[in-house]
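Here's the structure, in structure tokens; my notes come after.
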Amino acid sequence: MSAKNPKRSIRRLIAIVVLVVAAGCSDPATTTSSPAPTTAPLEHVEIILMTHDSFVVSDELLESFETETGIEIRVLPAGDAGTMVNQAVLTKDNPLADVIFGVDNSFLSRALDAGLFAPYLSPLLASVPDELEIDPRVTPIDFGDVCINWDKAYFADAGLTPPKTLFDLTDAIYRDLLVVQSPATSSPGLAFLYSTIATFGENGDYTWIDFWTDLRDNNVLVTSGWEEAYYSYFTAASDGDRPMVVSYASSPPFEVIYATEPIDEPPTAVMTQGCFRQIEYAGIVAGTEARPAAERVIDLLLSTRFQDGIPLSMFVFPANADATLPPAFVEHAVVPADPLSLPDGATEANVRLWILEWTEVMSR
Amino acid sequence: MTEQDSPNRRSRIARIALIAIPLSFLGYFFVYPVASILGISLFGEGGFSFSAFSAIASRPSLRAAIWFTVWQAVASTLLTLVVAMPAAYVFARFSFPGKSFFRAAITVPFVLPTVVVGAAYLALLGPNGPLGIDLRQTIWAILIAHVFYNYAVVVRTVGGLWAHLDPRLEEAARMLGAGRWRTFREVSLPLLRPAIAAASSIVFLFTFTSFGVVLILGGFEYSTIEVEIWRQTTAFLDLPVAGALAVLQLVGISSILVAYSRYQERRSVEQQLRPAIEVARRPRGRREFALVWGVLGFTGLFLGTPLAVLVGRSLRVGDGYGFDAYRSLGKATATLVPPAEAIGNSALFATAAMAIALIVGTMAATLIAYHRTAVSRWFDVLLMLPLGTSAVTIGFGFLVALDTPIDLRTAPILVPIAHALVAIPFVVRTEVPVMRSVRTRLREAGAVLGAPPGRVWREIDLPLIFRAMLVGAGFAFAISLGEFGATSFIARPDAPTLPVAIFRLLGRAGAANFTQAMALSTILMGLTAISILAIERFRIGDMGEF
Amino acid sequence: MLEATNLTVRFGEKIALDAVSLTVTDGEVLAVLGPSGSGKTTLLRVIAGLQAPGSGSLSWDGQPLDQVAAHERGFGLMFQDYALFPHRTVAGNVAFGLRMAGMAGDRIEERVAVVLDWVGLPGYQDRSVGNLSGGEQQRVALARALAPAPRMLMLDEPVGSLDRGMRERLVGELRQLFVEHGITTLYVTHDQEEAFGLADRIVIMKDGSVAQEGTPEQVWRQPVGEWVARFLGFDNIIDATITEGVAQTSFGRFGIAGPASGSHRLVIRPDGFTVAAGGTIQGTVVTRSFRGGHYQLAVEAGPGVLLEMEIDEHPVPAVGEVVTLSIDPEAVVVLD
């Protein structure tokens, strides 16, 4: 080898950087391309769709949509839901995107107050249940329920009856059995806190604080995130020792679909009481220059061709009632009859106080 | 030690470029965005007020987070130094079969996403783990994981210098009647101080801004400033308090860095380094064999067990074992892009990040090592700041600052740039001590033999610091491969990297998703080990092992 | 020809070079001689371009050098500690300057072989510099400095760290090399024997300035002051009153050459004494040591007066013997 080698490799590195920089600078991400020549049947428009990191869409769908409409959707993941909403609010004056998807009811009032969205009523809303619709500025796309999941095998082996209600969880027979997530650091954790507040209320003989005090005395385990609660402590999914976990109503069908070896029945079940409903919305960014195309994108998100894929891609339920659920969902998923919710705006106004109070109870 | 004050024009231009390029890179991609977001956070409609700071002072949970941040960082740094020092010695002074493989392997933990390591540790530190005691959600879990993550930083930074220390100095001390321990304390330790200080400063910054480890292993009761910034921003949407916390974090980090830099200025000794190959030798005698294999055994167990847990989990199929998870990686399902694609994305981003970090970092290191002025000292501190700045602050800073003159907010290059910001300090930290140890005399010899300053750098400094550059490049590549924090706060093209893909898989119920996540983690581990191994193997015949 | 005019360098309060002027003519070997701290190395570094002078100027053949960077001056410099590149072989070190000059690869190889031959290291090309002995390293450093055929070669205490025998042999070889190849040389040393053995001309430096300049013989015969005399090893320094070619001292009278008169300090060179019956000085031998070609005696000529001398004729007086000495007038130097 000669001494020329480092030189060559340095040149190569420089070349890579230059290429990447050039690619970065020439990135057309935020410029809406000019109309195609009039001879073309379709105007080519680019729409930037800002989403949270859990959003998934198939390339085939995007491609066929572009062929049909001339609209090219560029997906821009921007962190978890909270991060994404903050990014959108911070860049309000010079928006990054034309359409935003994934604002859930916890963050909705923040987004609406900031004036992020322009009203749009999709014709497809006719197929969406009324209780999902909150505001004309946003369109409900999907919903999911945060519920207690329990390990069927564990309860069968222990000869234990699974709990029916939130209050049951404070029973001494369920001591050491539940793992939940901190509402300060986890989205399902926060939803679960909301469900306890909605159930027990802030005033009266037995408030949500009393409930959490009892839960604490019953040795509930709190983790920071869903991942460690489910994959490190929940008996049905790990070597852990907690047979009950705060998770989603859609988790059991996922256990069937994504089993390592084919199974007929999910190893877990859902406690249908005390579930809190999270609804995810999409909206057209106020001031977008491609308004008509943005409307088409909202329609796409609400159309059955996208909605049919929602259960398997994002493990929530489609908002469009006409969507076809996959067989595993039909068979194993539970949609709680009367999910809990809190009044509009109540969550954001009180979340800091509630988490503070919760932390005080749990740290005692 | 001053560089010759030649009035040569070209060298002056080169020097200006040397200052201007890294400074403008850091200015535009770090100082400007961070200042912008802090400005927006703290100077609300009513102008600047201290209310956010007094809010912090009045909240016990925030005060506790600040105190916890400081003491766990100090404890983690000391513990890492103590635990990793024997390995630094063994790697520097002895040659043994498989050494280069071992050296690459210990770097693997450094890049693994915390969400993955956390899963392994929760299994190991549970009541059914090998220790038999439940350390989950205790401070010990956090400290052990911090040592696990930063082991390589100490072994490589301290060992890197140790490998070049003239063993005759120690022999001289032994001849003068000093025992092994005295020799270490009075000869080796003082000579190693620059490297120890460098390693400590990095470990301190890393643990000071610890995020995932604290969240996953500490449970809900432990919280660092970094965690609080994230919580205040994303859960409470409270930019003023997040901004004030970010300022406190920056102040804390800066004061440590300034102290470090002062120390380094005072302490640095010009040493005559020797080729590592002449320093390292095979162990002799029973004691040395016991030492070498004992240290290697401990290192293997300590670092290897969690990794083995990951590999084991990636092979689970029902109640048995198999390669199903790996076989399914290439398949695009209706739900996800093929996870295998993430490998390509990661490699591309990591290469770009490594190139940026190496170029900017080497220029910066040259500046810091050779032009010892107040400016270069401050520059040194500035370079380290991104390590101690919360990912939220940087990510949001990009968003609010980088829209003019060119809108870079969603440009793909931002991801490697963010990675490079984190990697540059590693490049600088590994290069500066070696650069400073290159004797001025050699450069002068080059100059009088007719080499212009640039050529002197290329022909004399470069070969001598080349190994340090390789180590720095390895770190940069590995850091970028595993980086997740900063990435997740950047609006970016839909090209998931390995950690992002792992995170997505782990966010879903279903055993297959979990084993796939573990399989991808195993691949990330292997990729890291292979790339570091490859980079270290790259040698130039002419220069010998230096 | 190198001309240095009024070179001045300060390090903070300390003056390292104080208005030093000197010239080195083509083909000449100039030795800069002085004790450590006298500014020799600083002078070398200023001439090499490694250190900028605070004031003063440098020129080569009338062309100013002040704006010329070190690497463009075309001077060779051999460092005191050799500063061999540890990452290169012997050939790699020697070839360095040739590559900088843009010489073609095969010619470099030839030249390296030639120069290694000059310094007595033929066939050493592929050796690693880490494994060489001190003398071999010194030769490699010399070969490296010589290889690009610098228009002037500068050497900073090049044999300082070698043992005595090696040093003497190398000094001889160096002289031969410089003369044979007509190399203009600036040689820095603290050792007067080395300087006398090598140089065409000597510049003696004291505290950053030139104390004396001349051929070795001039300097030897006529040191300009007590400090130079002592530095050259002349310890017989005495007060005398001179009248008409005769010096009167506390221990006797003797004749001197030259026109001086009045009160002066004198140096009597150690080679100027003869043990002779008709001598004017009497004293007792205090020490006697054999130095190869001659004996070194210390003779107490009076209270507190100790004369150092070199005696090479026989019989040599023994310690304790009272001797009568005569002094060669040519060996007596009148200071100031």
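Chain identifiers are assigned as A, B, and so on, following the order in which chains appear in the structure tokens; residues are numbered from 1 within each chain, and ligands are numbered from 1 in order of appearance.
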Would you list, as a PyMOL selection string, the residues of stretch 110-219 of chain C that end up in alpha helix (DSSP H) under DSSP run on this structure's backbone? chain C and resi 110-118+134-146+164-180+192-198+216-219
Could you list, with a cut-off of 12 Å and counting only C-alpha atoms, the residues of chain C near chain A, each shown with its nearest atom pair and the distance in Å rounded to one decimal, rows sorted by chain and ascending number, as a Markdown table?
| residue | atom | partner | partner_atom | distance |
| --- | --- | --- | --- | --- |
| C:His87 | CA | A:Ala3 | CA | 11.6 |
| C:Arg88 | CA | A:Ala3 | CA | 11.0 |
| C:Gly92 | CA | A:Ala3 | CA | 11.3 |
When the cut-off is 7 Å and we count only C-alpha atoms, which residues of chain B are near chain A, given as number ranges by chain? B: 119, 122-123, 215-216, 219-220, 231, 234-236, 317-318, 334-336, 352, 355-356, 396, 399-400, 410-413, 488-494, 504, 506-507, 509-513, 540-542
Within 10 Å of chain B, which residues belong to chain C? Use only C-alpha atoms and report them as a PDB file with C-alpha atoms, in the first residue's frame.
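The resulting out-v3.pdb:
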ATOM      1  CA  ARG C  45      15.872  29.176  14.315  1.00  0.00           C
ATOM      2  CA  VAL C  46      15.635  32.768  13.131  1.00  0.00           C
ATOM      3  CA  ALA C  48      15.891  28.865   9.407  1.00  0.00           C
ATOM      4  CA  GLY C  49      12.673  30.869   9.450  1.00  0.00           C
ATOM      5  CA  LEU C  50      11.200  28.948  12.358  1.00  0.00           C
ATOM      6  CA  GLN C  51      11.251  31.994  14.565  1.00  0.00           C
ATOM      7  CA  ALA C  52      10.440  35.519  13.494  1.00  0.00           C
ATOM      8  CA  PRO C  53      12.950  38.144  14.684  1.00  0.00           C
ATOM      9  CA  ASP C  66      12.349  38.186   5.811  1.00  0.00           C
ATOM     10  CA  GLN C  67       9.212  37.433   3.797  1.00  0.00           C
ATOM     11  CA  VAL C  68      10.319  33.927   2.868  1.00  0.00           C
ATOM     12  CA  ALA C  69       8.778  31.055   4.848  1.00  0.00           C
ATOM     13  CA  ALA C  70      10.948  28.367   6.379  1.00  0.00           C
ATOM     14  CA  HIS C  71      10.094  25.813   3.757  1.00  0.00           C
ATOM     15  CA  GLU C  72      11.023  28.176   0.948  1.00  0.00           C
ATOM     16  CA  ARG C  73      14.431  29.219   2.257  1.00  0.00           C
ATOM     17  CA  GLY C  74      16.261  26.188   0.946  1.00  0.00           C
ATOM     18  CA  PHE C  75      18.313  25.759   4.110  1.00  0.00           C
ATOM     19  CA  GLY C  76      18.960  22.454   5.747  1.00  0.00           C
ATOM     20  CA  LEU C  77      18.703  22.130   9.496  1.00  0.00           C
ATOM     21  CA  MET C  78      19.831  19.258  11.622  1.00  0.00           C
ATOM     22  CA  PHE C  79      18.196  19.356  15.009  1.00  0.00           C
ATOM     23  CA  GLN C  80      19.952  18.717  18.266  1.00  0.00           C
ATOM     24  CA  ASP C  81      17.579  15.835  19.039  1.00  0.00           C
ATOM     25  CA  TYR C  82      17.558  14.810  15.345  1.00  0.00           C
ATOM     26  CA  ALA C  83      13.726  14.973  15.127  1.00  0.00           C
ATOM     27  CA  LEU C  84      13.586  11.925  12.904  1.00  0.00           C
ATOM     28  CA  PHE C  85      10.079  11.086  11.711  1.00  0.00           C
ATOM     29  CA  PRO C  86       9.175   8.031  13.756  1.00  0.00           C
ATOM     30  CA  HIS C  87       6.597   6.883  11.217  1.00  0.00           C
ATOM     31  CA  ARG C  88       9.062   6.648   8.360  1.00  0.00           C
ATOM     32  CA  THR C  89      11.993   4.393   7.556  1.00  0.00           C
ATOM     33  CA  GLY C  92      11.589   7.751   4.109  1.00  0.00           C
ATOM     34  CA  ASN C  93      13.311  10.275   6.317  1.00  0.00           C
ATOM     35  CA  VAL C  94      16.129  10.996   3.925  1.00  0.00           C
ATOM     36  CA  ALA C  95      13.818  11.207   0.925  1.00  0.00           C
ATOM     37  CA  PHE C  96      11.450  13.664   2.605  1.00  0.00           C
ATOM     38  CA  GLY C  97      13.114  16.866   1.438  1.00  0.00           C
ATOM     39  CA  LEU C  98      13.632  15.423  -2.038  1.00  0.00           C
ATOM     40  CA  ARG C  99       9.948  14.675  -2.348  1.00  0.00           C
ATOM     41  CA  MET C 100       9.140  18.182  -1.166  1.00  0.00           C
ATOM     42  CA  ALA C 101      11.364  19.465  -3.934  1.00  0.00           C
ATOM     43  CA  SER C 128      13.152   1.676  11.082  1.00  0.00           C
ATOM     44  CA  GLY C 130      13.338   3.542  16.142  1.00  0.00           C
ATOM     45  CA  ALA C 141      19.516  13.161  10.511  1.00  0.00           C
ATOM     46  CA  ARG C 144      18.208  13.928   5.699  1.00  0.00           C
ATOM     47  CA  ALA C 145      19.446  17.499   5.997  1.00  0.00           C
ATOM     48  CA  LEU C 146      22.038  17.025   3.249  1.00  0.00           C
ATOM     49  CA  ALA C 147      19.915  15.156   0.741  1.00  0.00           C
ATOM     50  CA  PRO C 148      18.096  18.098  -0.863  1.00  0.00           C
ATOM     51  CA  PRO C 150      20.514  22.858   0.735  1.00  0.00           C
TER      52      PRO C 150
END
With a distance cut-off of 10 Å and only C-alpha atoms, select the neighbouring residues of C:Glu213, excluding the residue or stretch itself and same-chain residues fewer than 4 positions from it, and output the selection as a PyMOL selection string. chain C and resi 22+30-33+201-205+218-219+223-224
Convert the current residue selection to file output with C-alpha atoms, as a short mmCIF file (atom, residue, chain, number, x, y, z; two decimals), in the first residue's frame.
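New file part-v6.cif:
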data_model
loop_
_atom_site.label_atom_id
_atom_site.label_comp_id
_atom_site.auth_asym_id
_atom_site.auth_seq_id
_atom_site.Cartn_x
_atom_site.Cartn_y
_atom_site.Cartn_z
CA LEU C 22 26.94 37.93 10.94
CA LEU C 30 31.04 29.02 10.32
CA ALA C 31 30.80 27.80 13.90
CA VAL C 32 28.63 29.63 16.38
CA LEU C 33 30.15 28.88 19.75
CA ARG C 201 35.50 30.96 11.13
CA ILE C 202 34.04 31.16 14.62
CA VAL C 203 31.46 33.46 16.14
CA ILE C 204 31.42 33.40 19.93
CA MET C 205 28.11 34.35 21.50
CA GLN C 218 42.64 34.44 15.78
CA VAL C 219 40.18 33.58 18.48
CA PRO C 223 40.45 36.28 22.99
CA VAL C 224 38.89 39.70 23.33
#
Strand (DSSP E) call set, DSSP backbone run, stretch 43-104 of chain C, as a ChimeraX atom specification: /C:55-60,63-64,75-78
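Put simply, atom CA of A:Arg137 is 28.1 Å away from atom CA of B:Ala401.
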List the neighbours of stretch 306-315 of chain C out to 8 Å using only C-alpha atoms; skip same-chain residues closer than 4 positions along the sequence, and give me the result as a PDB file with N, CA and C atoms, in the first residue's frame.
ATOM      1  N   ASP C 235      42.308  29.777  32.105  1.00  0.00           N
ATOM      2  CA  ASP C 235      41.993  30.171  33.464  1.00  0.00           C
ATOM      3  C   ASP C 235      43.085  31.040  34.081  1.00  0.00           C
ATOM      4  N   ASN C 236      44.235  31.192  33.399  1.00  0.00           N
ATOM      5  CA  ASN C 236      45.326  31.998  33.960  1.00  0.00           C
ATOM      6  C   ASN C 236      45.069  33.462  33.664  1.00  0.00           C
ATOM      7  N   ARG C 269      48.163  31.743  28.105  1.00  0.00           N
ATOM      8  CA  ARG C 269      47.630  30.488  27.596  1.00  0.00           C
ATOM      9  C   ARG C 269      48.390  29.325  28.211  1.00  0.00           C
ATOM     10  N   PRO C 270      47.760  28.237  28.468  1.00  0.00           N
ATOM     11  CA  PRO C 270      48.425  27.132  29.183  1.00  0.00           C
ATOM     12  C   PRO C 270      49.589  26.526  28.413  1.00  0.00           C
ATOM     13  N   ASP C 271      49.621  26.745  27.088  1.00  0.00           N
ATOM     14  CA  ASP C 271      50.722  26.157  26.316  1.00  0.00           C
ATOM     15  C   ASP C 271      51.953  27.065  26.314  1.00  0.00           C
ATOM     16  N   GLY C 272      51.871  28.193  27.040  1.00  0.00           N
ATOM     17  CA  GLY C 272      52.958  29.173  26.966  1.00  0.00           C
ATOM     18  C   GLY C 272      54.031  29.006  28.030  1.00  0.00           C
ATOM     19  N   PHE C 273      53.946  27.960  28.847  1.00  0.00           N
ATOM     20  CA  PHE C 273      54.925  27.790  29.940  1.00  0.00           C
ATOM     21  C   PHE C 273      55.999  26.775  29.556  1.00  0.00           C
ATOM     22  N   THR C 274      57.194  27.030  30.012  1.00  0.00           N
ATOM     23  CA  THR C 274      58.273  26.040  29.874  1.00  0.00           C
ATOM     24  C   THR C 274      58.966  25.927  31.233  1.00  0.00           C
ATOM     25  N   VAL C 275      59.253  24.670  31.620  1.00  0.00           N
ATOM     26  CA  VAL C 275      60.050  24.477  32.832  1.00  0.00           C
ATOM     27  C   VAL C 275      61.505  24.683  32.425  1.00  0.00           C
ATOM     28  N   GLY C 293      48.919  13.505  24.991  1.00  0.00           N
ATOM     29  CA  GLY C 293      50.082  14.151  24.392  1.00  0.00           C
ATOM     30  C   GLY C 293      50.889  14.984  25.380  1.00  0.00           C
ATOM     31  N   HIS C 294      50.289  15.378  26.448  1.00  0.00           N
ATOM     32  CA  HIS C 294      50.985  16.282  27.365  1.00  0.00           C
ATOM     33  C   HIS C 294      50.518  16.048  28.797  1.00  0.00           C
ATOM     34  N   TYR C 295      51.169  16.759  29.714  1.00  0.00           N
ATOM     35  CA  TYR C 295      50.745  16.743  31.123  1.00  0.00           C
ATOM     36  C   TYR C 295      50.078  18.073  31.456  1.00  0.00           C
ATOM     37  N   GLN C 296      49.084  17.999  32.294  1.00  0.00           N
ATOM     38  CA  GLN C 296      48.433  19.214  32.768  1.00  0.00           C
ATOM     39  C   GLN C 296      48.910  19.426  34.209  1.00  0.00           C
ATOM     40  N   LEU C 297      49.483  20.587  34.435  1.00  0.00           N
ATOM     41  CA  LEU C 297      49.971  20.896  35.782  1.00  0.00           C
ATOM     42  C   LEU C 297      49.248  22.105  36.334  1.00  0.00           C
ATOM     43  N   ALA C 298      49.066  22.109  37.663  1.00  0.00           N
ATOM     44  CA  ALA C 298      48.656  23.329  38.329  1.00  0.00           C
ATOM     45  C   ALA C 298      49.788  23.705  39.272  1.00  0.00           C
ATOM     46  N   VAL C 299      50.271  24.927  39.106  1.00  0.00           N
ATOM     47  CA  VAL C 299      51.427  25.373  39.896  1.00  0.00           C
ATOM     48  C   VAL C 299      51.023  26.569  40.734  1.00  0.00           C
ATOM     49  N   GLU C 300      51.282  26.498  42.029  1.00  0.00           N
ATOM     50  CA  GLU C 300      50.969  27.630  42.894  1.00  0.00           C
ATOM     51  C   GLU C 300      52.163  28.563  42.898  1.00  0.00           C
ATOM     52  N   ALA C 301      51.958  29.735  42.299  1.00  0.00           N
ATOM     53  CA  ALA C 301      53.079  30.641  42.102  1.00  0.00           C
ATOM     54  C   ALA C 301      53.147  31.704  43.185  1.00  0.00           C
ATOM     55  N   GLY C 302      52.144  31.773  43.992  1.00  0.00           N
ATOM     56  CA  GLY C 302      52.117  32.760  45.073  1.00  0.00           C
ATOM     57  C   GLY C 302      50.854  32.534  45.835  1.00  0.00           C
TER      58      GLY C 302
END
I'd like the interatomic distance between atom CA of B:Ile139 and atom CA of B:Pro127, to a tenth of an Å.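 Atom CA of B:Pro127 lies 16.0 Å from atom CA of B:Ile139.
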With a distance cut-off of 8 Å and only C-alpha atoms, select the neighbouring residues of stretch 470-480 of chain B, excluding the residue or stretch itself and same-chain residues fewer than 2 positions from it, and output the selection as a ChimeraX atom specification. /B:108,110-111,346,349-351,353-355,357-358,416,419-420,422-424,426-428,430-431,466-468,482-483,528,531-532,535-536
Excluding stretch 56-67 of chain B and residues on its chain fewer than 5 positions from it, collect all residues at most 6 Å away from it, counting only C-alpha atoms, and give them as a ChimeraX atom specification. /B:223-225
Neighbouring residues of A:Phe317 were defined as those with any atom within 6 Å, considering only C-alpha atoms; residues of the same chain fewer than 3 positions away were excluded. Please report them as number ranges by chain. A: 142-144, 311
